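Asker: File target-v6.txt below, compact mmCIF, C-alpha atoms and all ligand atoms:
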# COMPACT_ATOMS: atom_id res chain seq x y z
CA MET S 1032 215.69 -125.03 82.50
CA ARG S 1033 213.68 -123.19 79.88
CA ILE S 1034 209.89 -123.21 79.60
CA LEU S 1035 207.64 -121.96 76.79
CA VAL S 1036 204.18 -120.67 77.71
CA VAL S 1037 201.72 -120.58 74.80
CA GLU S 1038 198.69 -118.64 76.04
CA ASP S 1039 196.78 -115.83 74.36
CA GLU S 1040 195.28 -114.38 77.54
CA GLU S 1041 198.04 -112.00 78.53
CA ALA S 1042 197.06 -111.75 82.19
CA ILE S 1043 197.20 -115.51 82.62
CA ALA S 1044 200.43 -115.82 80.65
CA ASP S 1045 202.03 -113.14 82.80
CA ILE S 1046 201.00 -114.76 86.07
CA ILE S 1047 202.36 -118.12 84.91
CA ALA S 1048 205.62 -116.57 83.69
CA THR S 1049 206.16 -114.52 86.85
CA LYS S 1050 205.59 -117.52 89.08
CA LEU S 1051 207.85 -119.77 87.01
CA ARG S 1052 210.62 -117.16 86.97
CA ALA S 1053 210.36 -116.96 90.76
CA GLU S 1054 211.05 -120.71 90.70
CA LYS S 1055 214.23 -119.95 88.73
CA TYR S 1056 213.01 -121.20 85.39
CA GLU S 1057 213.78 -119.32 82.19
CA VAL S 1058 210.46 -118.46 80.53
CA ASP S 1059 209.36 -117.35 77.05
CA ILE S 1060 205.78 -116.53 76.11
CA SER S 1061 203.96 -116.92 72.78
CA PHE S 1062 200.56 -115.24 72.49
CA ASP S 1063 199.18 -117.10 69.47
CA GLY S 1064 199.26 -120.61 68.06
CA GLU S 1065 201.47 -120.00 65.03
CA GLU S 1066 204.17 -118.25 67.02
CA GLY S 1067 203.82 -120.92 69.71
CA LEU S 1068 204.44 -123.70 67.21
CA TYR S 1069 207.35 -121.84 65.62
CA ASN S 1070 209.01 -121.40 69.00
CA ALA S 1071 208.22 -124.94 70.14
CA LEU S 1072 209.93 -126.35 67.03
CA SER S 1073 213.18 -124.58 67.98
CA ASN S 1074 213.63 -127.52 70.36
CA ILE S 1075 215.22 -125.41 73.07
CA TYR S 1076 212.55 -126.01 75.73
CA ASP S 1077 212.46 -128.51 78.54
CA LEU S 1078 208.74 -128.01 78.98
CA ILE S 1079 205.87 -126.32 77.13
CA ILE S 1080 202.67 -125.09 78.76
CA LEU S 1081 200.14 -125.13 75.98
CA ASP S 1082 196.68 -123.60 76.01
CA ILE S 1083 194.14 -125.28 73.72
CA MET S 1084 191.99 -122.34 72.64
CA LEU S 1085 194.42 -120.11 70.77
CA PRO S 1086 194.21 -117.73 67.83
CA LYS S 1087 195.61 -118.92 64.45
CA MET S 1088 196.24 -122.52 65.51
CA ASN S 1089 194.87 -124.49 68.43
CA GLY S 1090 196.86 -126.30 71.08
CA ILE S 1091 195.95 -129.80 69.92
CA GLU S 1092 197.26 -129.06 66.42
CA ILE S 1093 200.44 -127.63 67.92
CA LEU S 1094 200.83 -130.71 70.10
CA LYS S 1095 200.51 -132.98 67.05
CA GLU S 1096 203.15 -131.04 65.11
CA VAL S 1097 205.48 -130.98 68.09
CA LYS S 1098 205.22 -134.74 68.52
CA GLU S 1099 205.64 -135.40 64.77
CA ASN S 1100 208.83 -133.37 64.85
CA ASN S 1101 210.23 -135.40 67.76
CA ILE S 1102 210.51 -132.40 70.03
CA ASN S 1103 211.35 -133.84 73.42
CA ALA S 1104 209.92 -131.09 75.65
CA LYS S 1105 207.43 -132.16 78.28
CA ILE S 1106 203.95 -130.83 77.49
CA ILE S 1107 201.32 -129.63 79.96
CA MET S 1108 198.02 -128.63 78.34
CA LEU S 1109 195.62 -126.03 79.70
CA THR S 1110 192.09 -127.25 79.02
CA ALA S 1111 188.63 -125.79 79.46
CA LYS S 1112 186.50 -127.13 82.29
CA SER S 1113 183.98 -128.84 80.06
CA GLY S 1114 186.34 -130.07 77.38
CA LEU S 1115 186.46 -133.80 78.12
CA ASP S 1116 187.15 -134.52 74.44
CA ASP S 1117 190.05 -132.10 74.59
CA LYS S 1118 191.54 -133.92 77.54
CA LEU S 1119 191.30 -137.25 75.79
CA SER S 1120 192.87 -135.80 72.63
CA CYS S 1121 195.70 -134.36 74.72
CA PHE S 1122 196.70 -137.71 76.10
CA ASP S 1123 196.12 -139.50 72.77
CA THR S 1124 198.44 -137.04 71.12
CA GLY S 1125 201.13 -137.36 73.75
CA ALA S 1126 200.72 -134.61 76.33
CA ASN S 1127 202.34 -135.43 79.66
CA ASP S 1128 199.72 -133.75 81.82
CA TYR S 1129 196.87 -131.27 81.76
CA VAL S 1130 195.47 -128.62 84.06
CA THR S 1131 191.85 -127.56 83.88
CA LYS S 1132 191.01 -123.87 83.70
CA PRO S 1133 190.45 -122.03 85.94
CA PHE S 1134 193.38 -123.41 87.91
CA HIS S 1135 195.37 -122.42 90.97
CA ILE S 1136 198.79 -121.24 89.89
CA GLU S 1137 200.39 -123.34 92.64
CA GLU S 1138 198.87 -126.46 91.14
CA LEU S 1139 200.31 -125.68 87.74
CA ILE S 1140 203.75 -124.98 89.21
CA ALA S 1141 203.64 -128.23 91.16
CA ARG S 1142 202.86 -130.13 87.97
CA VAL S 1143 205.66 -128.40 86.13
CA ASN S 1144 208.09 -129.37 88.89
CA VAL S 1145 206.89 -132.96 88.77
CA GLN S 1146 207.38 -133.18 85.00
CA LEU S 1147 210.83 -131.66 85.10
CA ARG S 1148 211.89 -133.83 87.99
CA VAL S 1149 210.67 -136.89 86.08
CA LYS S 1150 212.76 -135.69 83.18
CA GLU S 1151 215.80 -135.26 85.41
CA ASN S 1152 215.34 -138.72 86.86
CA ASN S 1153 215.15 -140.14 83.37
CA LYS S 1154 218.57 -138.72 82.76
CA VAL S 1155 219.47 -140.87 85.81
CA LYS S 1156 222.12 -138.58 87.22
CA ASP S 1157 223.41 -135.08 87.64
CA ILE S 1158 226.40 -135.76 85.46
CA LEU S 1159 226.52 -135.07 81.76
CA GLU S 1160 229.40 -136.75 79.94
CA TYR S 1161 230.91 -136.33 76.53
CA SER S 1162 234.31 -137.54 75.32
CA ASP S 1163 236.78 -136.69 78.12
CA LEU S 1164 234.36 -134.22 79.76
CA SER S 1165 232.15 -134.64 82.78
CA LEU S 1166 229.80 -131.81 83.70
CA ASN S 1167 228.17 -131.78 87.12
CA ILE S 1168 224.81 -130.10 86.56
CA ARG S 1169 224.21 -129.35 90.25
CA THR S 1170 227.53 -127.66 90.94
CA SER S 1171 228.32 -126.37 87.39
CA THR S 1172 231.71 -128.03 87.68
CA LEU S 1173 233.39 -129.24 84.52
CA THR S 1174 236.01 -131.96 84.87
CA CYS S 1175 238.36 -133.41 82.29
CA LEU S 1176 238.46 -137.14 82.99
CA GLU S 1177 241.90 -137.53 81.37
CA THR S 1178 243.66 -134.89 83.45
CA SER S 1179 241.31 -134.83 86.48
CA GLU S 1180 241.40 -131.02 86.27
CA SER S 1181 238.16 -129.23 87.18
CA ILE S 1182 236.83 -125.74 86.64
CA ASN S 1183 233.66 -123.93 87.64
CA ILE S 1184 231.50 -122.74 84.74
CA PRO S 1185 229.55 -119.46 85.08
CA TYR S 1186 225.84 -119.38 84.30
CA ARG S 1187 225.68 -118.34 80.61
CA GLU S 1188 228.62 -120.51 79.64
CA PHE S 1189 227.04 -123.36 81.56
CA LEU S 1190 223.82 -123.02 79.52
CA LEU S 1191 225.85 -123.07 76.30
CA LEU S 1192 227.95 -126.02 77.40
CA GLU S 1193 224.96 -128.03 78.59
CA TYR S 1194 223.24 -127.45 75.25
CA PHE S 1195 226.32 -128.51 73.30
CA MET S 1196 226.75 -131.62 75.42
CA ASN S 1197 223.11 -132.57 74.96
CA ASN S 1198 223.43 -132.06 71.19
CA ARG S 1199 226.88 -133.48 70.73
CA GLU S 1200 228.38 -133.62 67.26
CA GLN S 1201 225.40 -131.80 65.82
CA ILE S 1202 225.60 -128.45 64.13
CA ILE S 1203 223.83 -125.88 66.25
CA SER S 1204 222.87 -122.56 64.72
CA LYS S 1205 223.66 -119.19 66.28
CA GLU S 1206 219.93 -118.55 66.60
CA GLN S 1207 219.42 -121.75 68.60
CA LEU S 1208 222.23 -120.78 70.94
CA TYR S 1209 220.92 -117.25 71.41
CA ASP S 1210 217.43 -118.53 72.04
CA LYS S 1211 218.60 -121.18 74.46
CA VAL S 1212 220.84 -118.93 76.50
CA TRP S 1213 219.26 -115.49 76.29
CA GLY S 1214 215.66 -116.34 75.36
CA ILE S 1215 213.60 -115.58 72.28
CA GLU S 1216 212.78 -112.07 73.44
CA SER S 1217 216.40 -111.08 73.67
CA ASP S 1218 218.14 -108.53 71.51
CA TYR S 1219 220.69 -110.56 69.54
CA GLU S 1220 222.96 -107.60 68.90
CA SER S 1221 223.51 -106.90 72.56
CA ASN S 1222 224.68 -110.38 73.45
CA ASN S 1223 228.11 -111.38 72.45
CA LEU S 1224 227.83 -115.07 71.75
CA GLU S 1225 231.35 -115.27 70.29
CA ALA S 1226 232.82 -113.89 73.51
CA TYR S 1227 231.07 -116.46 75.65
CA LEU S 1228 232.11 -119.26 73.31
CA SER S 1229 235.72 -118.14 73.51
CA PHE S 1230 235.55 -118.09 77.33
CA LEU S 1231 234.24 -121.61 77.16
CA ARG S 1232 236.95 -122.77 74.72
CA LYS S 1233 239.59 -121.33 77.04
CA LYS S 1234 238.18 -123.27 79.97
CA LEU S 1235 238.24 -126.48 77.93
CA LYS S 1236 241.92 -125.84 77.22
CA VAL S 1237 242.71 -124.95 80.82
CA ILE S 1238 241.48 -128.32 82.09
CA GLY S 1239 243.31 -130.10 79.26
CA SER S 1240 240.30 -131.45 77.38
CA LYS S 1241 240.58 -132.46 73.73
CA VAL S 1242 236.99 -131.31 73.17
CA ASN S 1243 236.56 -128.22 71.05
CA ILE S 1244 233.66 -126.07 69.89
CA LYS S 1245 234.19 -125.51 66.21
CA ALA S 1246 232.62 -122.90 64.01
CA VAL S 1247 230.92 -124.43 60.97
CA ARG S 1248 230.91 -121.87 58.21
CA ASN S 1249 227.53 -120.25 57.60
CA LEU S 1250 225.78 -122.85 59.73
CA GLY S 1251 226.77 -122.45 63.34
CA TYR S 1252 228.84 -124.44 65.80
CA LYS S 1253 229.58 -128.01 66.66
CA MET S 1254 231.12 -129.70 69.69
CA GLU S 1255 233.71 -132.29 68.81
CA GLY S 1256 236.10 -134.38 70.85
CA CA R 1301 193.14 -119.22 75.25
Go ahead and render the structure in this file as structure tokens.
Ligand code: CA

Answerer:
Amino acid sequence: MRILVVEDEEAIADIIATKLRAEKYEVDISFDGEEGLYNALSNIYDLIILDIMLPKMNGIEILKEVKENNINAKIIMLTAKSGLDDKLSCFDTGANDYVTKPFHIEELIARVNVQLRVKENNKVKDILEYSDLSLNIRTSTLTCLETSESINIPYREFLLLEYFMNNREQIISKEQLYDKVWGIESDYESNNLEAYLSFLRKKLKVIGSKVNIKAVRNLGYKMEG
């Protein structure tokens, strides 16, 4: 799962990111409000940790924009000790939780885990289904329900497939895929998205699925089945 940390104090951002990565989350960091909003609107994050006091645009404004754009990431706000008004605004605007600064990193991580577990439970199960496909999220096993053939999906391909299955029949841009799978800091040139997509298409064929990932000219890709 991918988490965005929007925090201008680099030392704090680094501690949060290091700890989250140790918990096996993918993490991106934005150091100011504008960049934070821009990244949040990419809609590739499962959770956003959002500081309130930020250069260029504050966390409450970002939260409002994120909610207006129907971004479905969970939001945990970082608030100042004295900022009772801030806390109330956070909940009014739709934050899922807040942590008061200064905080223990373990407390923040625990709250992240709670939010993401809640999100998982809301999905009800570990199985993602689309058309004749059934993807087991725990075991990374993809099964074709028509043929009962299964195949194990390696990590990067799994991230791609999961994203396609969660955004079925929508056109997804190359940038979204890169960001989702390799992170916003990644060097696009060095990652061969096409190669991974072709591995994935082959696996779909191998198990006999009718689902395909089609290229949509100039726009990106779309999963159809
Ligand atoms: Ca700050």

Asker: From the options S:Lys1105, S:Arg1142, S:Arg1248, S:Lys1132, which residue's atoms come nearest to Asp1082 in chain S, counting all atoms listed in the file?

Answerer: S:Lys1132

Asker: Kindly provide, as a PDB file with C-alpha atoms, in the frame of the given file, all nucleotide and amino acid residues lying within 6 Å of ligand CA 1301 (chain R), counting only C-alpha atoms and all ligand atoms.

Answerer:
ATOM      1  CA  GLU S1038     198.690-118.640  76.040  1.00  0.00           C
ATOM      2  CA  ASP S1039     196.780-115.830  74.360  1.00  0.00           C
ATOM      3  CA  GLU S1040     195.280-114.380  77.540  1.00  0.00           C
ATOM      4  CA  ASP S1082     196.680-123.600  76.010  1.00  0.00           C
ATOM      5  CA  MET S1084     191.990-122.340  72.640  1.00  0.00           C
ATOM      6  CA  LEU S1085     194.420-120.110  70.770  1.00  0.00           C
TER       7      LEU S1085
END

Asker: Which is closest to Met1196 in chain S among S:Tyr1056, S:Tyr1161, S:Tyr1076, S:Tyr1252, if we use all atoms listed in the file?

Answerer: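 For Met1196 in chain S, the nearest of the candidates is S:Tyr1161.
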
Asker: Residues around (228.5, -120.1, 75.3), cut-off 7 Å, counting all atoms listed in the file - what are they as a ChimeraX atom specification?

Answerer: /S:1187-1188,1190-1192,1224,1227-1228,1231

Asker: Applying 6 Å and only C-alpha atoms, which residues near Leu1109 in chain S remain after dropping the ones on its own chain fewer than 3 positions away? List them as a list in words.

Answerer: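 Near neighbours after the sequence-gap exclusion: Leu1081, Asp1082, Tyr1129, Val1130 and Thr1131 of chain S.
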
Asker: Any chance you can output those residues with C-alpha atoms as a tab-separated table (two decimals), in the coordinates of the input?

Answerer:
chain	number	residue	atom	x	y	z
S	1081	LEU	CA	200.14	-125.13	75.98
S	1082	ASP	CA	196.68	-123.60	76.01
S	1129	TYR	CA	196.87	-131.27	81.76
S	1130	VAL	CA	195.47	-128.62	84.06
S	1131	THR	CA	191.85	-127.56	83.88

Asker: With a distance cut-off of 12 Å and only C-alpha atoms, select the neighbouring residues of Leu1147 in chain S, excluding the residue or stretch itself and same-chain residues fewer than 6 positions from it, and output the selection as a PDB file with C-alpha atoms, keeping the file's coordinate frame.

Answerer:
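To be explicit, this is the file written out as result_5.pdb:
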ATOM      1  CA  MET S1032     215.690-125.030  82.500  1.00  0.00           C
ATOM      2  CA  ARG S1033     213.680-123.190  79.880  1.00  0.00           C
ATOM      3  CA  ILE S1034     209.890-123.210  79.600  1.00  0.00           C
ATOM      4  CA  TYR S1056     213.010-121.200  85.390  1.00  0.00           C
ATOM      5  CA  TYR S1076     212.550-126.010  75.730  1.00  0.00           C
ATOM      6  CA  ASP S1077     212.460-128.510  78.540  1.00  0.00           C
ATOM      7  CA  LEU S1078     208.740-128.010  78.980  1.00  0.00           C
ATOM      8  CA  ILE S1079     205.870-126.320  77.130  1.00  0.00           C
ATOM      9  CA  ASN S1103     211.350-133.840  73.420  1.00  0.00           C
ATOM     10  CA  ALA S1104     209.920-131.090  75.650  1.00  0.00           C
ATOM     11  CA  LYS S1105     207.430-132.160  78.280  1.00  0.00           C
ATOM     12  CA  ILE S1106     203.950-130.830  77.490  1.00  0.00           C
ATOM     13  CA  ILE S1107     201.320-129.630  79.960  1.00  0.00           C
ATOM     14  CA  ASN S1127     202.340-135.430  79.660  1.00  0.00           C
ATOM     15  CA  ASP S1128     199.720-133.750  81.820  1.00  0.00           C
ATOM     16  CA  ILE S1140     203.750-124.980  89.210  1.00  0.00           C
ATOM     17  CA  ALA S1141     203.640-128.230  91.160  1.00  0.00           C
ATOM     18  CA  ASN S1153     215.150-140.140  83.370  1.00  0.00           C
ATOM     19  CA  LYS S1154     218.570-138.720  82.760  1.00  0.00           C
TER      20      LYS S1154
END

Asker: Between CA of Glu1180 in chain S and CA of Leu1166 in chain S, measure the distance and give it in Å to one decimal.

Answerer: 11.9 Å

Asker: Between S:Ile1182, S:Leu1250, S:Ile1102, S:Leu1119, which residue has the minimum interatomic distance to Asn1074 in chain S, considering all atoms listed in the file?

Answerer: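 Checking each of S:Ile1182, S:Leu1250, S:Ile1102, S:Leu1119 against Asn1074 in chain S, counting all atoms listed in the file, the winner is S:Ile1102.
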
Asker: In Å, with one decimal, what is the gap from CA of Gln1201 in chain S to CA of Met1254 in chain S?

Answerer: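 One can read the CA of Gln1201 in chain S to CA of Met1254 in chain S distance as 7.2 Å.
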
Asker: Please determine, counting all atoms listed in the file, which residue among S:Thr1110, S:Glu1200, S:Glu1177, S:Lys1050 has the shortest atom-to-atom distance to Ser1240 in chain S.

Answerer: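 Checking each of S:Thr1110, S:Glu1200, S:Glu1177, S:Lys1050 against Ser1240 in chain S, counting all atoms listed in the file, the winner is S:Glu1177.
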
Asker: Name the residues, using the chain letters and numbers of the file, that sit within 10 Å of (201.7, -131.7, 68.3) when counting only C-alpha atoms, and give them as a list in words.

Answerer: Leu1068, Ala1071, Leu1072, Asn1089, Gly1090, Ile1091, Glu1092, Ile1093, Leu1094, Lys1095, Glu1096, Val1097, Lys1098, Glu1099, Asn1100, Asn1101, Ile1102, Ile1106, Cys1121, Thr1124, Gly1125 and Ala1126 of chain S

Asker: One number please: CA of Ala1246 in chain S to CA of Ile1184 in chain S, in Å, one decimal.

Answerer: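 According to the coordinates, CA of Ala1246 in chain S and CA of Ile1184 in chain S are separated by 20.8 Å.
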
Asker: For a quick check of understanding, using all atoms listed in the file, which of S:Glu1138, S:Asp1045, S:Asp1157, S:Asp1210 has the smallest distance to Ser1171 in chain S?

Answerer: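 Of the candidates, the smallest distance to Ser1171 in chain S is held by S:Asp1157.
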
Asker: Which is closest to Thr1178 in chain S among S:Ser1229, S:Met1108, S:Asp1117, S:Lys1241, if we use only C-alpha atoms?

Answerer: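 Ranked by minimum distance to Thr1178 in chain S, first place goes to S:Lys1241.
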
Asker: If we count all atoms listed in the file, what is near Met1088 in chain S at a cut-off of 8 Å, once residues fewer than 5 positions away on the same chain are taken out, given as a PyMOL selection string?

Answerer: chain S and resi 1063-1065+1093

Asker: Residues as selected, C-alpha atoms, written as a PDB file, in the frame of the given file, can you do that?

Answerer:
ATOM      1  CA  ASP S1063     199.180-117.100  69.470  1.00  0.00           C
ATOM      2  CA  GLY S1064     199.260-120.610  68.060  1.00  0.00           C
ATOM      3  CA  GLU S1065     201.470-120.000  65.030  1.00  0.00           C
ATOM      4  CA  ILE S1093     200.440-127.630  67.920  1.00  0.00           C
TER       5      ILE S1093
END
